[in-house]
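Report on the structure given below.
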Amino acid sequence: MVKRQNQLGVRNSNNAGGEAPEMRLKWNPLFDDTSRLFSPVIDADTSSELKLSFKHFNVYVFGSYELLVQTSTDDGTTWNTEWNVMVTGDIGPETIYIELDHLAGETFRIAWVFDGYTLYNDDWYIDDIIVEEN
């Protein structure tokens, strides 16, 4: 797993449509790889239906790259894609809703993933992350 913590940070802004602060993946320093911002372990042992929602805004420069939301039930050894978009223009701000019923009764992590060359991306803002029972 590639960790590029200097790419990620809390920003006192509200570009994704929530209230400040929010998370931001910045284009600099440059890399062409996969970067994940992942949650602490979520214990859904007593849940039967789950839903994830989050707000995001992506500022596009050129080229193409992929944004994903992935989950892992084995502490990050393997990741399963729950949502993805190939970026070829600005996205949002918008709210994404993802059904996670298949993870009810599990413990898992959620990751927001950038896959590509950061030069093509200006900023990716993420805010108001909510995991709840349906």
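Following the order of the structure tokens, first chain is A, next is B, and so on, with residues numbered from 1 inside each chain and ligands from 1 in the order they appear.
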Task: Distance query Trp27 in chain A at most 10 Å, only C-alpha atoms, self and fewer than 3 positions along chain excluded, as a PyMOL selection string - done: chain A and resi 7-8+24+30-31+61+117-124
Open item on the list: Would you pick out the contacts of His102 in chain A at 9 Å or less, using only C-alpha atoms, so that residues sharing its chain but fewer than 6 positions from it are not included, and give the list as a VMD selection string?
Closed with: chain A and resid 48 to 50
TODO: Tell me, as a PyMOL selection string, which residues lie within 7 Å of Asp127 in chain A, counting only C-alpha atoms; anything in the same chain fewer than 3 positions away does not count.
DONE: chain A and resi 16+18+22-23+54-56
Considering only C-alpha atoms, return as a tab-separated table (two decimals) with C-alpha atoms, in the first residue's frame whatever protein or nucleic-acid residues lie within 12 Å of Glu133 in chain A, sequence-local ones (same chain, fewer than 4 positions apart) excluded.
```tsv
chain	number	residue	atom	x	y	z
A	44	ALA	CA	-21.01	-3.19	12.06
A	45	ASP	CA	-21.43	-6.45	13.97
A	46	THR	CA	-24.99	-5.67	15.05
A	47	SER	CA	-26.12	-3.96	11.83
A	48	SER	CA	-28.28	-5.49	9.14
A	49	GLU	CA	-28.36	-2.71	6.53
A	50	LEU	CA	-25.70	-0.06	5.94
A	51	LYS	CA	-25.35	3.03	3.81
A	52	LEU	CA	-22.37	5.35	3.23
A	53	SER	CA	-22.73	8.95	2.15
A	98	ILE	CA	-23.42	3.84	-1.54
A	99	GLU	CA	-25.30	0.81	-0.21
A	100	LEU	CA	-23.03	-1.33	2.00
A	101	ASP	CA	-25.55	-3.98	3.11
A	103	LEU	CA	-20.83	-5.43	5.03
A	104	ALA	CA	-23.52	-5.67	7.72
A	105	GLY	CA	-22.27	-7.92	10.51
```
- [ ] Would you please work out which residue, of A:Thr77, A:Asn134, A:Gly92, A:Val69, is nearest to Phe38 in chain A when using only C-alpha atoms?
- [x] A:Val69
- [ ] Would you please work out which residue, of A:Val131, A:Ile126, A:Val41, A:Ala20, is nearest to Tyr97 in chain A when using only C-alpha atoms?
- [x] A:Val131
TODO: List every residue of chain A that DSSP, applied to the backbone, labels as helix (DSSP H, G or I), and write the result as a VMD selection string.
DONE: chain A and resid 5 to 7 101 to 103 118 to 120
Grab the residues selected above and save them as an mmCIF file, in the first residue's frame with N, CA and C atoms.
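Once written, part-v3.cif looks like this:
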```cif
data_model
loop_
_atom_site.group_PDB
_atom_site.id
_atom_site.type_symbol
_atom_site.label_atom_id
_atom_site.label_comp_id
_atom_site.auth_asym_id
_atom_site.auth_seq_id
_atom_site.Cartn_x
_atom_site.Cartn_y
_atom_site.Cartn_z
ATOM 1 N N GLN A 5 1.163 10.656 2.884
ATOM 2 C CA GLN A 5 0.461 11.468 3.855
ATOM 3 C C GLN A 5 0.641 12.961 3.603
ATOM 4 N N ASN A 6 1.742 13.352 2.971
ATOM 5 C CA ASN A 6 1.926 14.767 2.706
ATOM 6 C C ASN A 6 0.975 15.271 1.629
ATOM 7 N N GLN A 7 0.335 14.383 0.888
ATOM 8 C CA GLN A 7 -0.648 14.750 -0.108
ATOM 9 C C GLN A 7 -1.987 15.090 0.538
ATOM 10 N N ASP A 101 -24.852 -2.905 2.387
ATOM 11 C CA ASP A 101 -25.546 -3.981 3.108
ATOM 12 C C ASP A 101 -24.710 -5.248 3.203
ATOM 13 N N HIS A 102 -23.893 -5.523 2.187
ATOM 14 C CA HIS A 102 -23.065 -6.729 2.191
ATOM 15 C C HIS A 102 -22.005 -6.716 3.301
ATOM 16 N N LEU A 103 -21.800 -5.539 3.938
ATOM 17 C CA LEU A 103 -20.828 -5.434 5.026
ATOM 18 C C LEU A 103 -21.491 -5.466 6.402
ATOM 19 N N THR A 118 -0.964 12.670 -10.200
ATOM 20 C CA THR A 118 -1.530 13.814 -9.491
ATOM 21 C C THR A 118 -1.425 15.127 -10.265
ATOM 22 N N LEU A 119 -0.527 15.213 -11.231
ATOM 23 C CA LEU A 119 -0.426 16.423 -12.037
ATOM 24 C C LEU A 119 -1.742 16.723 -12.760
ATOM 25 N N TYR A 120 -2.523 15.675 -13.055
ATOM 26 C CA TYR A 120 -3.783 15.840 -13.772
ATOM 27 C C TYR A 120 -4.910 16.360 -12.874
#
```
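Note that the spacing between CA of Thr88 in chain A and CA of Glu66 in chain A amounts to 9.1 Å.
Across A:Ile110, A:Val10, A:Ile129, A:Ile42, the tightest approach to Gly76 in chain A is made by A:Ile110 when counting only C-alpha atoms.
Taking only C-alpha atoms into account, Thr73 in chain A lies nearest to A:Ala111 out of the set A:Ala111, A:Ile91, A:Ile96, A:Leu37.
By chain and then residue number, the residues within 7 Å of Tyr65 in chain A are Met86, Val87, Asp115, Gly116 and Tyr117 of chain A, counting only C-alpha atoms and disregarding those fewer than 3 positions away in sequence.
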Open item on the list: Env of Pro21 in chain A: 7 Å cut, atoms = only C-alpha atoms, seq-sep filter 6 positions within chain, self excluded. Answer as a ChimeraX atom specification.
Closed with: /A:10-14
Expected file contents, prior selection, C-alpha atoms, as a JSON list (two decimals), in the first residue's frame:
```
[["chain", "number", "residue", "atom", "x", "y", "z"],
["A", 10, "VAL", "CA", -7.40, 18.87, 6.64],
["A", 11, "ARG", "CA", -8.30, 22.14, 4.99],
["A", 12, "ASN", "CA", -10.35, 24.93, 6.54],
["A", 13, "SER", "CA", -12.65, 25.17, 3.50],
["A", 14, "ASN", "CA", -16.07, 23.93, 2.36]]
```
- [ ] Please measure the separation of CA of Gly9 in chain A and CA of Gly89 in chain A, giving the value in Å to one decimal.
- [x] 22.7 Å
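When CA of Arg36 in chain A is paired with CA of Trp112 in chain A, their separation reads 5.7 Å.
Nearest to Lys26 in chain A of all the residues A:Val59, A:Glu106, A:Pro40, A:Glu82 is A:Val59, counting only C-alpha atoms.
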